[in-house]
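Shown here: run-v4.csv, CSV, C-alpha atoms.
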chain,number,residue,atom,x,y,z
A,1,MET,CA,0.0,0.0,0.0
A,2,ARG,CA,1.3,3.5,-0.8
A,3,PHE,CA,1.7,5.8,2.1
A,4,ILE,CA,3.9,8.8,1.2
A,5,THR,CA,4.8,9.3,-2.4
A,6,LYS,CA,7.7,11.3,-3.9
A,7,ASP,CA,5.3,14.3,-4.1
A,8,LEU,CA,4.8,14.0,-0.3
A,9,TYR,CA,1.1,13.2,-0.5
A,10,LEU,CA,-0.6,10.8,1.9
A,11,PHE,CA,-2.0,7.9,-0.1
A,12,ASP,CA,-1.5,9.9,-3.3
A,13,SER,CA,-4.2,12.3,-2.3
A,14,ARG,CA,-3.6,16.0,-2.1
A,15,ILE,CA,-7.0,16.7,-0.5
A,16,LEU,CA,-6.4,14.1,2.2
A,17,THR,CA,-2.9,15.5,2.8
A,18,HIS,CA,-4.3,19.1,3.3
A,19,VAL,CA,-7.1,17.9,5.6
A,20,VAL,CA,-4.7,16.0,7.8
A,21,PHE,CA,-2.3,19.0,7.9
A,22,TRP,CA,-5.0,21.4,9.0
A,23,ILE,CA,-6.5,19.0,11.6
A,24,THR,CA,-3.0,18.5,13.0
A,25,TYR,CA,-2.4,22.3,12.9
A,26,TYR,CA,-5.7,22.9,14.7
A,27,VAL,CA,-5.0,20.4,17.5
A,28,LEU,CA,-1.4,21.4,18.0
A,29,PHE,CA,-2.0,25.2,18.2
A,30,GLY,CA,-5.1,24.7,20.3
A,31,MET,CA,-3.0,23.0,22.9
A,32,ILE,CA,-0.1,25.4,22.6
A,33,TRP,CA,-2.2,28.6,23.2
A,34,ALA,CA,-4.2,27.1,26.1
A,35,LYS,CA,-3.6,28.8,29.4
A,36,GLY,CA,-4.1,26.7,32.5
A,37,ASP,CA,-7.3,24.8,32.1
A,38,SER,CA,-8.7,27.0,29.3
A,39,TYR,CA,-8.6,24.3,26.5
A,40,PHE,CA,-12.1,25.0,25.5
A,41,GLN,CA,-11.5,28.7,24.9
A,42,SER,CA,-8.2,28.0,23.1
A,43,PHE,CA,-9.8,25.4,20.7
A,44,GLN,CA,-12.7,27.7,20.2
A,45,LEU,CA,-10.4,30.6,19.2
A,46,GLU,CA,-8.4,28.3,16.9
A,47,PHE,CA,-11.7,27.2,15.3
A,48,VAL,CA,-12.6,30.9,14.7
A,49,LEU,CA,-9.2,31.8,13.3
A,50,MET,CA,-8.5,28.8,11.1
A,51,PRO,CA,-10.5,30.1,8.1
A,52,ILE,CA,-8.4,33.3,8.0
A,53,ARG,CA,-5.1,31.4,8.0
A,54,ILE,CA,-6.4,28.8,5.5
A,55,ALA,CA,-7.6,31.6,3.2
A,56,THR,CA,-4.4,33.6,3.5
A,57,SER,CA,-2.3,30.5,2.8
A,58,TYR,CA,-4.3,29.3,-0.2
A,59,ILE,CA,-4.4,32.8,-1.7
A,60,SER,CA,-0.6,32.8,-1.6
A,61,LEU,CA,-0.3,29.2,-2.9
A,62,TYR,CA,-2.8,29.2,-5.7
A,63,TYR,CA,-3.0,32.9,-6.7
A,64,LEU,CA,0.1,34.9,-5.8
A,65,ILE,CA,2.7,32.2,-6.6
A,66,PRO,CA,1.4,31.2,-10.0
A,67,THR,CA,0.3,34.7,-11.0
A,68,PHE,CA,3.3,36.7,-9.9
A,69,LEU,CA,6.2,34.7,-8.5
A,70,ALA,CA,6.2,32.0,-11.2
A,71,LYS,CA,6.3,34.8,-13.8
A,72,GLU,CA,9.3,36.4,-12.1
A,73,ARG,CA,7.2,39.4,-10.9
A,74,GLU,CA,8.8,39.2,-7.4
A,75,VAL,CA,8.1,42.8,-6.3
A,76,GLN,CA,4.4,42.5,-7.1
A,77,PHE,CA,4.3,39.1,-5.3
A,78,LEU,CA,5.9,40.5,-2.2
A,79,LEU,CA,3.7,43.7,-2.0
A,80,ARG,CA,0.5,41.7,-2.4
A,81,TYR,CA,1.7,39.0,0.0
A,82,LEU,CA,2.4,41.7,2.7
A,83,LEU,CA,-0.9,43.4,2.1
A,84,ILE,CA,-2.9,40.1,2.4
A,85,VAL,CA,-1.0,39.1,5.5
A,86,ILE,CA,-1.5,42.5,7.2
A,87,ILE,CA,-5.3,42.5,6.4
A,88,ALA,CA,-5.6,38.9,7.7
A,89,GLY,CA,-3.6,39.9,10.8
A,90,VAL,CA,-5.8,42.8,11.6
A,91,VAL,CA,-9.0,40.7,11.2
A,92,GLN,CA,-7.5,38.0,13.3
A,93,ARG,CA,-6.7,40.6,16.1
A,94,PHE,CA,-10.3,41.7,16.3
A,95,LEU,CA,-11.5,38.1,16.4
A,96,THR,CA,-8.9,37.2,19.0
A,97,TYR,CA,-10.1,40.1,21.2
A,98,PHE,CA,-13.8,39.4,21.0
A,99,PHE,CA,-13.6,35.6,21.1
A,100,HIS,CA,-10.6,35.0,23.4
A,101,ASP,CA,-9.4,37.9,25.4
A,102,PHE,CA,-12.7,38.5,27.1
A,103,PHE,CA,-12.1,35.2,28.9
A,104,PHE,CA,-9.2,36.6,30.9
A,105,ALA,CA,-9.2,39.3,33.5
A,106,GLU,CA,-5.9,40.8,32.3
A,107,ARG,CA,-6.3,41.5,28.6
A,108,GLN,CA,-4.8,43.8,26.1
A,109,ARG,CA,-6.9,46.6,24.6
A,110,VAL,CA,-8.1,45.8,21.1
A,111,LEU,CA,-6.2,48.7,19.4
A,112,GLU,CA,-2.7,48.1,21.0
A,113,ILE,CA,0.0,48.1,18.4
A,114,PRO,CA,2.0,45.1,19.9
A,115,ALA,CA,-1.2,43.0,19.7
A,116,PHE,CA,-1.7,43.8,16.0
A,117,VAL,CA,2.0,43.0,15.3
A,118,LYS,CA,1.8,39.7,17.1
A,119,SER,CA,-1.3,38.8,15.2
A,120,ILE,CA,0.2,39.7,11.8
A,121,VAL,CA,3.4,37.6,12.6
A,122,LEU,CA,1.3,34.6,13.6
A,123,VAL,CA,-0.6,34.7,10.3
A,124,ASN,CA,2.6,35.2,8.4
A,125,THR,CA,4.2,32.2,10.1
A,126,THR,CA,1.5,29.9,8.9
A,127,ALA,CA,1.3,31.3,5.4
A,128,MET,CA,5.1,31.5,5.0
A,129,LEU,CA,5.5,27.8,6.0
A,130,LEU,CA,3.1,26.6,3.3
A,131,THR,CA,4.4,29.1,0.8
A,132,SER,CA,8.0,28.0,1.3
A,133,LEU,CA,6.9,24.3,0.8
A,134,LYS,CA,5.1,25.3,-2.4
A,135,ILE,CA,8.1,27.2,-3.7
A,136,TYR,CA,10.4,24.3,-2.9
A,137,LYS,CA,8.1,21.9,-4.7
A,138,GLU,CA,8.0,24.1,-7.8
A,139,TRP,CA,11.8,24.5,-7.7
A,140,ARG,CA,12.2,20.8,-7.5
A,141,ALA,CA,9.8,20.3,-10.4
A,142,LEU,CA,11.8,22.9,-12.5
A,143,LYS,CA,15.0,21.1,-11.6
A,144,ARG,CA,13.7,17.8,-12.7
A,145,SER,CA,12.4,19.4,-15.9
A,146,LYS,CA,15.9,20.8,-16.7
A,147,GLU,CA,17.5,17.4,-15.9
A,148,VAL,CA,15.1,15.8,-18.4
A,149,GLN,CA,16.0,18.4,-21.0
A,150,ASN,CA,19.6,17.6,-20.6
A,151,GLU,CA,19.1,13.8,-20.8
A,152,LYS,CA,20.5,11.9,-23.7
A,153,TYR,CA,18.4,9.3,-25.4
A,154,LEU,CA,19.3,5.6,-25.1
A,155,GLU,CA,18.9,3.5,-28.3
A,156,ILE,CA,17.2,0.2,-27.3
A,157,ARG,CA,17.0,-2.5,-29.9
A,158,SER,CA,13.7,-4.4,-29.6
A,159,ASP,CA,11.6,-6.3,-32.1
A,160,LYS,CA,14.1,-5.5,-34.9
A,161,ARG,CA,13.8,-1.8,-34.4
A,162,PHE,CA,15.8,0.8,-32.4
A,163,HIS,CA,13.7,2.7,-29.9
A,164,ARG,CA,14.9,6.1,-28.5
A,165,VAL,CA,14.2,6.2,-24.8
A,166,LEU,CA,15.0,8.7,-22.1
A,167,PRO,CA,16.4,7.2,-18.9
A,168,SER,CA,13.8,9.1,-16.9
A,169,GLU,CA,11.0,7.2,-18.8
A,170,ILE,CA,12.3,3.9,-17.5
A,171,SER,CA,10.7,2.6,-14.3
A,172,TYR,CA,12.5,-0.7,-13.9
A,173,VAL,CA,14.3,-3.4,-15.8
A,174,GLU,CA,13.8,-7.1,-15.3
A,175,GLY,CA,16.4,-9.6,-16.5
A,176,LEU,CA,16.0,-13.2,-17.7
A,177,GLY,CA,19.0,-14.9,-19.1
A,178,ASN,CA,20.3,-13.0,-22.1
A,179,TYR,CA,17.2,-10.8,-22.4
A,180,VAL,CA,15.9,-7.9,-20.4
A,181,THR,CA,12.4,-6.4,-20.3
A,182,ILE,CA,12.5,-2.6,-19.9
A,183,TYR,CA,9.3,-1.3,-18.3
A,184,LEU,CA,8.5,2.3,-19.3
A,185,ARG,CA,6.2,4.9,-17.7
A,186,GLY,CA,2.7,4.5,-19.0
A,187,GLY,CA,2.7,0.7,-19.1
A,188,LYS,CA,4.8,0.2,-22.3
A,189,SER,CA,7.7,-2.3,-22.2
A,190,LEU,CA,10.6,-3.3,-24.5
A,191,ILE,CA,12.3,-6.7,-24.7
A,192,SER,CA,15.9,-6.4,-25.7
A,193,TYR,CA,18.8,-8.9,-26.2
A,194,MET,CA,21.3,-8.0,-23.5
A,195,THR,CA,22.2,-9.2,-20.0
A,196,LEU,CA,21.1,-7.4,-16.9
A,197,LYS,CA,24.7,-6.6,-16.2
A,198,GLU,CA,25.0,-4.8,-19.6
A,199,ALA,CA,21.8,-2.9,-18.8
A,200,GLU,CA,23.2,-1.9,-15.4
A,201,SER,CA,26.3,-0.4,-17.0
A,202,LEU,CA,24.1,1.4,-19.5
A,203,LEU,CA,21.9,2.9,-16.8
A,204,GLN,CA,23.5,5.4,-14.4
A,205,GLY,CA,22.5,8.0,-11.9
A,206,ASN,CA,19.3,7.1,-10.0
A,207,PHE,CA,19.1,3.5,-11.2
A,208,GLN,CA,19.9,0.8,-8.6
A,209,ARG,CA,20.1,-2.9,-8.7
A,210,VAL,CA,18.0,-4.4,-5.9
A,211,HIS,CA,17.9,-8.0,-7.0
A,212,LYS,CA,19.8,-10.4,-9.3
A,213,SER,CA,16.9,-9.9,-11.7
A,214,PHE,CA,15.8,-6.3,-11.2
A,215,ILE,CA,17.1,-2.8,-11.6
A,216,VAL,CA,14.9,0.1,-10.5
A,217,ASN,CA,14.7,3.8,-11.1
A,218,GLY,CA,14.8,5.3,-7.6
A,219,ASN,CA,12.8,8.4,-8.9
A,220,HIS,CA,9.8,6.2,-9.5
A,221,VAL,CA,9.7,4.1,-6.3
A,222,THR,CA,6.6,4.9,-4.3
A,223,SER,CA,7.3,2.9,-1.2
A,224,PHE,CA,9.9,0.4,0.1
A,225,ASN,CA,11.0,-1.6,3.1
A,226,ASN,CA,13.8,-4.0,3.8
A,227,GLU,CA,12.2,-6.7,1.7
A,228,ASN,CA,10.8,-5.1,-1.4
A,229,VAL,CA,10.1,-1.8,-3.3
A,230,GLU,CA,6.9,-0.7,-4.9
A,231,ILE,CA,7.1,0.9,-8.3
A,232,ASP,CA,4.2,1.4,-10.8
A,233,GLN,CA,2.0,-0.7,-8.5
A,234,ARG,CA,4.3,-3.7,-8.7
A,235,ILE,CA,6.1,-5.2,-5.8
A,236,ILE,CA,9.8,-6.0,-6.6
A,237,PRO,CA,11.8,-8.1,-4.1
A,238,ILE,CA,15.1,-6.9,-2.7
A,239,GLY,CA,17.7,-9.7,-2.8
A,240,LYS,CA,19.6,-10.8,0.3
A,241,SER,CA,22.9,-9.3,-1.1
A,242,TYR,CA,21.3,-6.0,-2.2
A,243,ASP,CA,19.6,-3.1,-0.5
A,244,PHE,CA,17.7,0.1,-1.5
A,245,SER,CA,18.4,3.5,0.0

Could the structure of this file be written out as C-alpha cells, please?
Amino acid sequence: MRFITKDLYLFDSRILTHVVFWITYYVLFGMIWAKGDSYFQSFQLEFVLMPIRIATSYISLYYLIPTFLAKEREVQFLLRYLLIVIIAGVVQRFLTYFFHDFFFAERQRVLEIPAFVKSIVLVNTTAMLLTSLKIYKEWRALKRSKEVQNEKYLEIRSDKRFHRVLPSEISYVEGLGNYVTIYLRGGKSLISYMTLKEAESLLQGNFQRVHKSFIVNGNHVTSFNNENVEIDQRIIPIGKSYDFS
C-alpha cells in the first residue's frame, strides 16, 4: 500500500494531505495557546481563526505564486503578499479580542499596536510555512524538468527496431538470461537482447540494482521496506545481497 509518495502526498491524495495537515495544525496550536485549564477557549479561538489562516495560505499558494512569482514578478508578489498578511492579521486581532481575550481578566486593549504586530506575525508564520513548501516543490519540479531536457536518449534494440528512450522514462528493468524487459512509464515495455549486467552499465544515476533480476529507477519508487520496493503498483523483491536506499 502506498503511504507517502515522492510528491509527499498521503496515499497519493492532495486533498487528504491538506485535511490531515489542518487538523494537526488545529489540535497542535489549540494545545499550545491554552492557558491553564482553558482548553475549551483555546480550541474555540483556533476554530474561529482557522478560516483566516487557511484563506491567506491558499491565496498565496494558488494565486500569488502562479500569477506573480512564477512569472518572475517578485516585487508584485511581495507587495501583495504583505498586504494580504496585514489584512488577515488585523482581522485576526479583532476576532482574538472578542472571542478569546474576554475570557481573561488581564487582557490587552483591542487597538494596542503590539497585539496587532503579534497577530500579523502569527498569520505570516502559517502562510510562509506553506508558501515555502510550495516554492520548494516548484523549484524541485523545475530542476527535474531541466534534468530531463539535458538527458540523452538511449537507443534500445527491440523487435528488430531501435527505440529512442529517455532514462527518466524507464521505471525498472527485469532480466531473464540474455534478455531484459525494460518497463517504461505508461505501461509500455521493450524486450531487448542484453544481459542485466549490460543494462546496469548502461543505466547510471538514480538506477539501482536491488535483486539479481531487477534494476529500479529510484525516482519512480513509491514505497519500500527491507524486503521489497513498490514501483508502478508492482512489488519488486530486494535480494539478500542487495539493498535500497

Legend entry - Minimum-distance residue to A:Ile84, chosen among A:Thr67, A:Asn124, A:Asn178, A:Ser119 (using only C-alpha atoms):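 Of all the options, A:Asn124 lies closest to A:Ile84.
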
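Among A:Leu176, A:Ile238, A:Leu45, A:Leu154, the residue with the shortest atom-to-atom distance to A:Leu203, counting all atoms listed in the file, is A:Leu154.
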
Legend entry - For atom CA of A:Asp12 and atom CA of A:Gln233, the interatomic separation in Å (one decimal):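 Separation between atom CA of A:Asp12 and atom CA of A:Gln233: 12.3 Å.
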
Legend entry - Among the residues A:Asn206, A:Ser192, A:Ser57, A:Ser223, the one that comes closest to A:Lys160 [using only C-alpha atoms]: A:Ser192

Inset, instruction - Would you mind listing what lies within 7 Å of stretch 58-63 of chain A as a ChimeraX atom specification, with all atoms listed in the file counted and same-chain residues fewer than 4 positions away left out? - result: /A:54,67,81,131,134

Inset, instruction - State, in Å with one decimal place, the distance from atom CA of A:Val27 to atom CA of A:Val48. - result: 13.3 Å

Inset, instruction - Find the residues near A:Phe99: any atom within 10 Å, counting all atoms listed in the file, skip ones fewer than 3 places away on the same chain, and give them as number ranges by chain. - result: A: 41-42, 44-46, 48-49, 93-96, 102-103

Suppose we keep C-alpha atoms; can you now write the selection as a compact mmCIF listing (two decimals), in the coordinates of the input?
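Produced file result37.txt, reproduced below:
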# COMPACT_ATOMS: atom_id res chain seq x y z
CA GLN A 41 -11.50 28.70 24.90
CA SER A 42 -8.20 28.00 23.10
CA GLN A 44 -12.70 27.70 20.20
CA LEU A 45 -10.40 30.60 19.20
CA GLU A 46 -8.40 28.30 16.90
CA VAL A 48 -12.60 30.90 14.70
CA LEU A 49 -9.20 31.80 13.30
CA ARG A 93 -6.70 40.60 16.10
CA PHE A 94 -10.30 41.70 16.30
CA LEU A 95 -11.50 38.10 16.40
CA THR A 96 -8.90 37.20 19.00
CA PHE A 102 -12.70 38.50 27.10
CA PHE A 103 -12.10 35.20 28.90

Inset, instruction - Work out how far apart atom CA of A:Ser245 and atom CA of A:Gln208 are and give it in Å to one decimal. - result: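 Between these atoms lies a distance of 9.1 Å.
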
Legend entry - Counting all atoms listed in the file, the option among A:Lys146, A:Arg157, A:Arg14, A:Lys71 closest to A:Met194: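 Closest to A:Met194 of all the choices is A:Arg157.
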
Legend entry - Residue nearest A:Val123 - candidates A:Leu202, A:Ile191, A:Ile231, A:Val90, atoms counted: all atoms listed in the file: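 Distance minimum relative to A:Val123 lands on A:Val90.
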
Inset, instruction - For the point (10.0, 3.5, -9.6) in the file's frame, write as a ChimeraX atom specification all residues with an atom no more than 6 Å away, counting only C-alpha atoms. - result: /A:171,217-221,231

Inset, instruction - Name all residues at most 12 Å from A:Ala199 (count all atoms listed in the file; drop same-chain ones fewer than 3 positions away) and give them as a ChimeraX atom specification. - result: /A:154-156,167,170,172-176,178-182,191-196,202-204,207-209,213-216

Inset, instruction - Kindly indicate which residue among A:Tyr97, A:Ser168, A:Arg140, A:Lys118 lies nearest to A:Gly205, using only C-alpha atoms for the distances. - result: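 Of A:Tyr97, A:Ser168, A:Arg140, A:Lys118, the one nearest A:Gly205 is A:Ser168, counting only C-alpha atoms.
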